[in-house]
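The next block is run.cif, given as mmCIF, C-alpha atoms.
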```
data_run
#
loop_
_atom_site.label_atom_id
_atom_site.label_comp_id
_atom_site.auth_asym_id
_atom_site.auth_seq_id
_atom_site.Cartn_x
_atom_site.Cartn_y
_atom_site.Cartn_z
CA MET A 331 -16.91 -29.86 -12.86
CA LEU A 332 -20.23 -30.25 -14.70
CA LYS A 333 -19.89 -31.30 -18.33
CA LEU A 334 -22.91 -32.50 -20.29
CA MET A 335 -21.82 -34.16 -23.54
CA GLY A 336 -23.85 -34.03 -26.72
CA GLU A 337 -23.21 -35.14 -30.27
CA ASN A 338 -22.01 -31.76 -31.60
CA ILE A 339 -21.69 -29.65 -28.45
CA TYR A 340 -21.21 -29.91 -24.74
CA LEU A 341 -22.46 -27.83 -21.84
CA GLY A 342 -20.00 -26.81 -19.15
CA ALA A 343 -19.11 -24.27 -16.49
CA LEU A 344 -18.70 -20.67 -17.60
CA GLU A 345 -15.42 -19.04 -16.69
CA LYS A 346 -14.81 -15.29 -16.63
CA GLU A 347 -13.01 -15.39 -19.99
CA ASP A 348 -15.97 -17.28 -21.53
CA CYS A 349 -18.35 -14.51 -20.46
CA ARG A 350 -16.01 -11.91 -21.93
CA LYS A 351 -15.79 -13.85 -25.23
CA LEU A 352 -19.59 -14.08 -25.46
CA TYR A 353 -19.84 -10.31 -24.92
CA GLU A 354 -17.09 -9.57 -27.47
CA ASP A 355 -18.56 -11.86 -30.13
CA PHE A 356 -22.25 -10.96 -29.70
CA GLU A 357 -24.08 -10.18 -32.95
CA TYR A 358 -27.70 -9.05 -32.79
CA ASP A 359 -30.02 -10.69 -35.30
CA TYR A 360 -32.43 -7.98 -36.43
CA GLY A 361 -34.17 -10.49 -38.70
CA ASN A 362 -35.05 -12.72 -35.75
CA MET A 363 -35.36 -10.30 -32.86
CA VAL A 364 -35.21 -11.33 -29.24
CA GLU A 365 -35.64 -9.22 -26.15
CA PRO A 366 -33.93 -7.33 -24.65
CA LEU A 367 -31.60 -5.43 -26.93
CA ASN A 368 -28.65 -4.37 -24.77
CA ILE A 369 -27.15 -1.59 -26.86
CA GLY A 370 -24.33 0.30 -25.18
CA LYS A 371 -23.19 -2.35 -22.70
CA SER A 372 -19.42 -2.52 -22.59
CA VAL A 373 -17.40 -5.72 -22.58
CA SER A 374 -16.36 -4.90 -19.01
CA ASN A 375 -19.98 -5.67 -18.06
CA SER A 376 -19.13 -9.30 -18.77
CA ASP A 377 -17.19 -9.38 -15.50
CA LEU A 378 -20.28 -8.18 -13.63
CA TRP A 379 -22.36 -10.81 -15.44
CA PHE A 380 -19.88 -13.52 -14.44
CA ASP A 381 -20.00 -12.37 -10.80
CA GLU A 382 -23.82 -12.44 -10.87
CA ILE A 383 -23.79 -15.95 -12.36
CA GLN A 384 -21.50 -17.17 -9.58
CA LYS A 385 -23.53 -15.49 -6.85
CA CYS A 386 -26.82 -17.12 -7.95
CA GLN A 387 -25.47 -20.41 -9.34
CA GLY A 388 -27.30 -23.40 -7.92
CA LYS A 389 -29.70 -21.24 -5.93
CA GLU A 390 -31.69 -19.18 -8.42
CA HIS A 391 -30.35 -20.69 -11.62
CA VAL A 392 -28.02 -23.12 -13.29
CA ARG A 393 -26.29 -21.17 -16.07
CA ILE A 394 -23.66 -22.93 -18.15
CA GLY A 395 -21.83 -22.42 -21.41
CA VAL A 396 -22.56 -24.01 -24.77
CA PHE A 397 -19.30 -25.17 -26.32
CA LEU A 398 -18.36 -26.79 -29.61
CA LEU A 399 -16.54 -30.08 -29.12
CA ASP A 400 -13.23 -28.30 -29.76
CA GLY A 401 -13.85 -26.09 -26.70
CA THR A 402 -15.03 -22.94 -28.52
CA ILE A 403 -17.62 -21.08 -26.45
CA ILE A 404 -20.64 -20.26 -28.63
CA GLY A 405 -23.40 -19.41 -26.16
CA ASP A 406 -25.01 -19.96 -22.81
CA ILE A 407 -28.08 -21.76 -21.52
CA ALA A 408 -29.80 -21.59 -18.17
CA LEU A 409 -32.43 -23.11 -16.01
CA GLN A 410 -33.42 -19.87 -14.31
CA ASP A 411 -35.91 -18.47 -11.83
CA ILE A 412 -35.78 -21.84 -10.07
CA ASP A 413 -38.60 -22.42 -7.62
CA TRP A 414 -37.22 -25.34 -5.60
CA ARG A 415 -40.40 -25.83 -3.60
CA ASN A 416 -42.65 -26.20 -6.65
CA ARG A 417 -39.91 -27.80 -8.80
CA VAL A 418 -40.37 -25.37 -11.70
CA CYS A 419 -38.06 -23.05 -13.61
CA SER A 420 -37.73 -21.30 -16.94
CA ILE A 421 -35.15 -21.86 -19.64
CA GLY A 422 -33.04 -19.28 -21.46
CA LEU A 423 -30.63 -19.75 -24.34
CA GLY A 424 -28.44 -17.44 -26.37
CA PHE A 425 -25.70 -17.71 -28.98
CA SER A 426 -23.06 -15.07 -29.55
CA LYS A 427 -22.59 -15.11 -33.33
CA LEU A 428 -25.13 -15.45 -36.12
CA GLU A 429 -23.10 -18.29 -37.64
CA TYR A 430 -23.90 -20.51 -34.63
CA ARG A 431 -27.65 -20.08 -35.00
CA GLY A 432 -29.85 -22.35 -37.10
CA LYS A 433 -27.42 -25.28 -36.97
CA GLY A 434 -29.25 -27.43 -34.40
CA TYR A 435 -26.97 -26.45 -31.51
CA GLY A 436 -29.88 -24.82 -29.67
CA SER A 437 -32.06 -27.90 -29.88
CA GLU A 438 -29.21 -30.09 -28.69
CA ALA A 439 -28.41 -27.72 -25.81
CA ILE A 440 -32.06 -27.65 -24.72
CA LYS A 441 -32.25 -31.44 -24.76
CA LEU A 442 -29.10 -31.69 -22.61
CA ILE A 443 -30.18 -29.11 -20.03
CA LEU A 444 -33.71 -30.52 -19.81
CA ASN A 445 -32.27 -33.95 -19.10
CA TYR A 446 -30.12 -32.41 -16.37
CA GLY A 447 -33.00 -30.40 -14.93
CA PHE A 448 -35.51 -33.24 -14.86
CA LYS A 449 -33.26 -36.16 -13.97
CA HIS A 450 -30.60 -34.61 -11.75
CA ILE A 451 -32.00 -31.60 -9.92
CA GLY A 452 -35.64 -32.60 -9.64
CA MET A 453 -37.47 -30.12 -11.83
CA GLU A 454 -40.96 -31.20 -12.90
CA ARG A 455 -41.95 -28.28 -15.15
CA VAL A 456 -39.85 -25.99 -17.34
CA THR A 457 -41.24 -22.89 -19.05
CA ALA A 458 -39.98 -20.73 -21.90
CA ASP A 459 -41.11 -17.42 -23.39
CA THR A 460 -40.38 -16.02 -26.82
CA LEU A 461 -41.59 -13.17 -28.98
CA GLU A 462 -44.13 -13.97 -31.66
CA GLN A 463 -41.80 -13.38 -34.60
CA ASN A 464 -38.99 -15.59 -33.27
CA LYS A 465 -39.96 -18.62 -35.36
CA SER A 466 -36.63 -20.39 -34.86
CA ALA A 467 -37.05 -20.37 -31.06
CA GLN A 468 -40.61 -21.65 -31.40
CA LYS A 469 -39.48 -24.45 -33.70
CA CYS A 470 -36.64 -25.38 -31.35
CA LEU A 471 -38.92 -25.47 -28.30
CA GLU A 472 -41.58 -27.53 -30.08
CA LYS A 473 -38.93 -29.95 -31.38
CA ASN A 474 -37.94 -30.56 -27.76
CA GLY A 475 -41.50 -31.26 -26.63
CA PHE A 476 -42.56 -27.86 -25.34
CA LYS A 477 -46.27 -27.05 -25.70
CA LEU A 478 -47.69 -23.61 -26.37
CA GLU A 479 -49.68 -22.67 -23.27
CA GLY A 480 -50.69 -19.12 -23.94
CA ILE A 481 -50.14 -15.82 -25.62
CA GLU A 482 -49.60 -12.56 -23.78
CA ARG A 483 -51.09 -10.20 -26.33
CA LYS A 484 -49.03 -7.09 -27.10
CA ALA A 485 -47.06 -7.67 -23.90
CA VAL A 486 -43.70 -6.33 -25.06
CA TYR A 487 -42.87 -2.92 -26.47
CA PHE A 488 -39.72 -3.37 -28.49
CA LEU A 489 -38.17 -1.46 -31.40
CA GLY A 490 -41.15 0.86 -31.73
CA LYS A 491 -43.78 -1.88 -31.88
CA ARG A 492 -45.88 -4.02 -29.55
CA TRP A 493 -45.30 -7.78 -29.75
CA ASP A 494 -47.08 -10.83 -28.40
CA ARG A 495 -45.11 -13.01 -26.00
CA LEU A 496 -45.66 -16.76 -26.43
CA ASN A 497 -45.57 -18.95 -23.31
CA TYR A 498 -44.39 -22.55 -23.60
CA SER A 499 -43.83 -25.35 -21.10
CA ILE A 500 -42.78 -28.97 -20.85
CA LEU A 501 -43.56 -31.35 -18.00
CA ILE A 502 -41.30 -34.13 -16.78
CA GLU A 503 -43.71 -36.82 -18.01
CA GLU A 504 -43.72 -35.28 -21.51
CA PHE A 505 -39.92 -35.21 -21.51
CA ASN A 506 -39.77 -38.84 -20.38
CA GLU A 507 -42.07 -39.86 -23.28
CA LYS A 508 -39.58 -38.57 -25.87
#
```

Go through the file and emit its structure as structure tokens.
Amino acid sequence: MLKLMGENIYLGALEKEDCRKLYEDFEYDYGNMVEPLNIGKSVSNSDLWFDEIQKCQGKEHVRIGVFLLDGTIIGDIALQDIDWRNRVCSIGLGFSKLEYRGKGYGSEAIKLILNYGFKHIGMERVTADTLEQNKSAQKCLEKNGFKLEGIERKAVYFLGKRWDRLNYSILIEEFNEK
């Protein structure tokens, strides 16, 4: 079973009960909004999410859990939309509770999954998108070597307002320089 060890966290396989726990614990951060806002989804949807993860695992994405060293599930991270021919994918990361955000876990998780993506499954470019007001995501991406490539102006309508979407990427050679 895949287990990527970090200093404060590890990344590992998501089990059905982990997906349920992430759904049960999820707290939306209105001060640092991300898209989409999934209001009204029941916890039973976590079983559908788990089934979807298993169906696409290793083909379209590599989605794994973010765990504290004591085994507590705190989030998930993915290399997603994998284009095996062109060796590119995007990255997605989420934490369930507000208390797990802003503690460096995201940066550590990104570093671990990038290492896996570049060195073990042959990716050569990883992209990430975030909304303009999500300063913590931008800081985390930049800390891990991502470069701002572009801005999709007013690309997202969310909570009654139009937002810019920022496009980031990191190349294997940039990752290897770190």

TODO: Run the PyMOL selection byres ((chain A and resi 440) around 12) against the file shown and list the residues it catches, as a VMD selection string.
DONE: chain A and resid 334 336 339 to 341 394 to 396 406 to 409 420 to 424 434 to 439 441 to 448 456 to 458 467 470 to 476 500 505

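For the residues A:Leu428, A:Cys349, A:Cys419, A:Gly452, ranking by smallest atom-to-atom distance to Ser499 in chain A using all atoms listed in the file places A:Cys419 first.
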
Task: For CA of Lys389 in chain A and CA of Ile502 in chain A, the interatomic separation in Å (one decimal) - done: 20.5 Å

Task: Picked residues, the PyMOL selection byres ((chain A and resi 483) around 9), expected as number ranges by chain - done: A: 481-482, 484-486, 492-496

Task: Atomic distance CA of Met453 in chain A - CA of Glu390 in chain A, expressed in Å with one decimal - done: 12.8 Å

Task: Two-atom distance - CA of Gln387 in chain A, CA of Val373 in chain A (Å) - done: 21.4 Å

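The nearest approach to Trp379 in chain A among the residues A:Leu399, A:Leu478, A:Met335, A:Leu344, with all atoms listed in the file taken into account, belongs to A:Leu344.
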
Open item on the list: Just checking: using all atoms listed in the file, which residue out of A:Arg417, A:Ser466, A:Asp459, A:Asp400 ends up closest to Glu479 in chain A?
Closed with: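 Answer, going by the shortest atom-to-atom distance: A:Asp459.
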
- [ ] Spell out the residues picked by the PyMOL selection byres ((chain A and resi 350) around 9) here, as a list in words.
- [x] Glu345, Lys346, Glu347, Asp348, Cys349, Lys351, Leu352, Tyr353, Glu354, Asp355, Val373, Ser374, Asn375, Ser376, Asp377 and Phe380 of chain A

TODO: Pick out the closest residue to Arg431 in chain A from this set: A:Leu489, A:Ile404, A:Ile451, A:Ile412. Count all atoms listed in the file.
DONE: A:Ile404

Open item on the list: Measuring between all atoms listed in the file, which one of A:Gln384, A:Gln468, A:Asn506, A:Ser426 shows the shortest distance to Thr402 in chain A?
Closed with: A:Ser426
